[in-house]
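Student: I am attaching a structure below and will ask some questions about it afterwards.
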Amino acid sequence: MSNLRTPGPIPVPDDILENMSRQMINHRGPEFKDILYRTTEGVKRVFETKNDVFIMTSSGTGAMEAAVVNTLSPGDKVVNVSVGVFGARFGEIASVFGADVVHLDFPYGTIVDPDKLKDLLNDQPDIKAVLVTHNETSTGVTNDLQAITAVAKTEFGKLVLVDGISSVCSIPLSTDAWGCDVVATASQKGWMLPPGLAFISFSEDAWKAHAEAKMPRFYFDMSAYKHYFEIGQPPYTPAISVMFALDLALQKIEAEGMGSVFERHAGIGQMTRDGVKKLGLSLFPQHESFASNTVTAITVPEGVEASKLLGILRAEHDVVLSGGQQSLNGKIFRIGHLGHTTADEIQEVLDALAVALPKVGFSPSRVEA
């Protein structure tokens, strides 16, 4: 079996996979109602929210679209704060649906500067919402979301829409305490699940915005999800098998405790960063203090062909890593370590790199611990 170390999808624990093999049930019957209510309460605890949370059959990008179309109208001015490919995607979604998007972009490998956001909001008081990605897997950095919301929500009272796809359930995110109005995430990240489900939270301010929002929506209309949830049903046919998996995954997450989940991710992230540095490789983030605990982005050494390195790792070691995206294609590669990643799995990656790197013209360092 491959050592799949992409930033999603992730390897799924055997007992969760087995739970998915149960026979289908009526998604409008009492058994599904029990699962829906039980899992929704579990997801709310992970989100650290008392607000509404909905489970959708979708990718994370669908939840990002839902965040936009349920709170905004064409012509609304929003600021999209971006440090990478997925941050840029959030702004693109808003633009497609007619929002007037102001771009506040930061160099790849850095994080959002809250002071620059503050300056922009001072200069443009007609901005309605701030869109931000908490953890940017394309560059391997984690924004200081609490500092961003302190400016956007606490100081300026703006609507805050958060892409938490690769952070929720892996990296601390206190939805209510930090003032996040909408948080979107997806199953194939820290939740130890296959792709197929997205989770989205909605604050009171988000519902107020929803009442006035004019962007077109049908499948992702949160009012439909709210109405059907009240009778214990999804508005549309759900991914029932992944719901079975979610039910068990939440039991495992709660048994471990969220504090332990965060510590585990932090420990594995540090092990990965230390390991690649000992090989003589350089982290892509400009400072390790904001390097992500769910994915490590590594600069491809000069003279090394990234696709060749990744090909050798896959063919000769059965280790599957991710390359860089868009403008970072060929310039970085990434090791995913979210979900239930073990130290042995990361060590296998590091050992494979030590063997593969000389084959592409790079001599790993022999740094003693």
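We label chains A, B, ... in the order they appear in the structure tokens, count residues from 1 in each chain, and number ligands from 1 in the order shown.
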Do a neighbour search on range 221-223 of chain A at 12 Å with only C-alpha atoms, toss out local chain neighbours closer than 3 positions, and write the hits as a PyMOL selection string.

Tutor: chain A and resi 52-56+62-63+65-71+182+199-203+206-211+213-218+226-230+234-236

Student: Taking a cut-off of 7 Å and counting only C-alpha atoms, can you build a table that, for each residue of range 123-194 of chain A near range 294-305 of chain A, reports the nearest atom pair and how far apart they are in Å (one decimal), sorted by chain then residue number, as a Markdown table?

Tutor:
```
| residue | atom | partner | partner_atom | distance |
| --- | --- | --- | --- | --- |
| A:Thr137 | CA | A:Val295 | CA | 6.2 |
| A:Thr139 | CA | A:Ala297 | CA | 5.9 |
| A:Gly140 | CA | A:Ala297 | CA | 4.9 |
| A:Ser170 | CA | A:Thr294 | CA | 6.9 |
```

Student: Got time to write the residues from that selection, C-alpha atoms, as a PDB file, in the first residue's frame?

Tutor:
```pdb
ATOM      1  CA  THR A 137      -1.633  24.068   1.655  1.00  0.00           C
ATOM      2  CA  THR A 139       2.605  27.148   0.256  1.00  0.00           C
ATOM      3  CA  GLY A 140       2.679  25.315   3.588  1.00  0.00           C
ATOM      4  CA  SER A 170      -5.953  19.723  12.676  1.00  0.00           C
TER       5      SER A 170
END
```

Student: Between A:Val46, A:Ala186, A:Ile35, A:Leu117, which residue has the minimum interatomic distance to Glu254 in chain A, considering only C-alpha atoms?

Tutor: A:Val46

Student: Leu4 in chain A: which residues within 9 Å, counting only C-alpha atoms, same-chain residues fewer than 2 positions away excluded, as a list of chain:residue names?

Tutor: A:Met1, A:Ser2, A:Thr6, A:Gly8, A:Pro9, A:Ile10, A:Pro11, A:Asp318, A:Val319, A:Val320, A:Leu321, A:Gly336

Student: Measuring between only C-alpha atoms, which one of A:Asn3, A:Leu131, A:Asp113, A:Phe284 shows the shortest distance to Gln347 in chain A?

Tutor: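 Closest candidate: A:Asn3.
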
Student: Name the residues of range 2-209 of chain A that come out as helix (DSSP H, G or I) in a backbone DSSP run; write them as number ranges by chain.

Tutor: A: 14-19, 30-47, 60-69, 85-96, 114-123, 145-155, 204-209

Student: So, counting only C-alpha atoms, which residue among A:Arg38, A:Arg264, A:Arg28, A:Arg273 is closest to Phe290 in chain A?

Tutor: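 Nearest candidate to Phe290 in chain A out of A:Arg38, A:Arg264, A:Arg28, A:Arg273: A:Arg273.
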
Student: Tell me which protein, DNA and RNA residues are within 12 Å of Ser166 in chain A, counting only C-alpha atoms, leaving out same-chain ones fewer than 5 positions away, and put them as a PyMOL selection string.

Tutor: chain A and resi 6-10+60-61+86+133-138+140-143+171-173+183-192+198-199+265+292-295+336-339

Student: Which of range 93-160 of chain A end up as strand (DSSP E or B) when DSSP is run on this backbone - answer as a PyMOL selection string?

Tutor: chain A and resi 100-105+129-133+135-136+141-142+159-160

Student: Produce a file of the selected residues containing C-alpha atoms, as a PDB file, in the first residue's frame.

Tutor:
```
ATOM      1  CA  ASP A 100     -16.461  43.592  -6.393  1.00  0.00           C
ATOM      2  CA  VAL A 101     -13.275  41.934  -5.178  1.00  0.00           C
ATOM      3  CA  VAL A 102     -10.414  43.960  -3.738  1.00  0.00           C
ATOM      4  CA  HIS A 103      -7.267  41.824  -3.712  1.00  0.00           C
ATOM      5  CA  LEU A 104      -4.871  41.976  -0.785  1.00  0.00           C
ATOM      6  CA  ASP A 105      -2.158  39.556  -1.851  1.00  0.00           C
ATOM      7  CA  ALA A 129     -16.724  41.094   3.949  1.00  0.00           C
ATOM      8  CA  VAL A 130     -13.229  39.693   4.393  1.00  0.00           C
ATOM      9  CA  LEU A 131     -12.378  36.364   2.738  1.00  0.00           C
ATOM     10  CA  VAL A 132      -9.356  34.493   4.059  1.00  0.00           C
ATOM     11  CA  THR A 133      -7.785  31.039   3.964  1.00  0.00           C
ATOM     12  CA  ASN A 135      -4.107  27.264   6.346  1.00  0.00           C
ATOM     13  CA  GLU A 136      -2.667  27.522   2.825  1.00  0.00           C
ATOM     14  CA  VAL A 141       1.852  28.281   5.824  1.00  0.00           C
ATOM     15  CA  THR A 142      -0.759  28.971   8.496  1.00  0.00           C
ATOM     16  CA  LEU A 159     -18.351  39.740   7.805  1.00  0.00           C
ATOM     17  CA  VAL A 160     -15.538  37.170   8.011  1.00  0.00           C
TER      18      VAL A 160
END
```
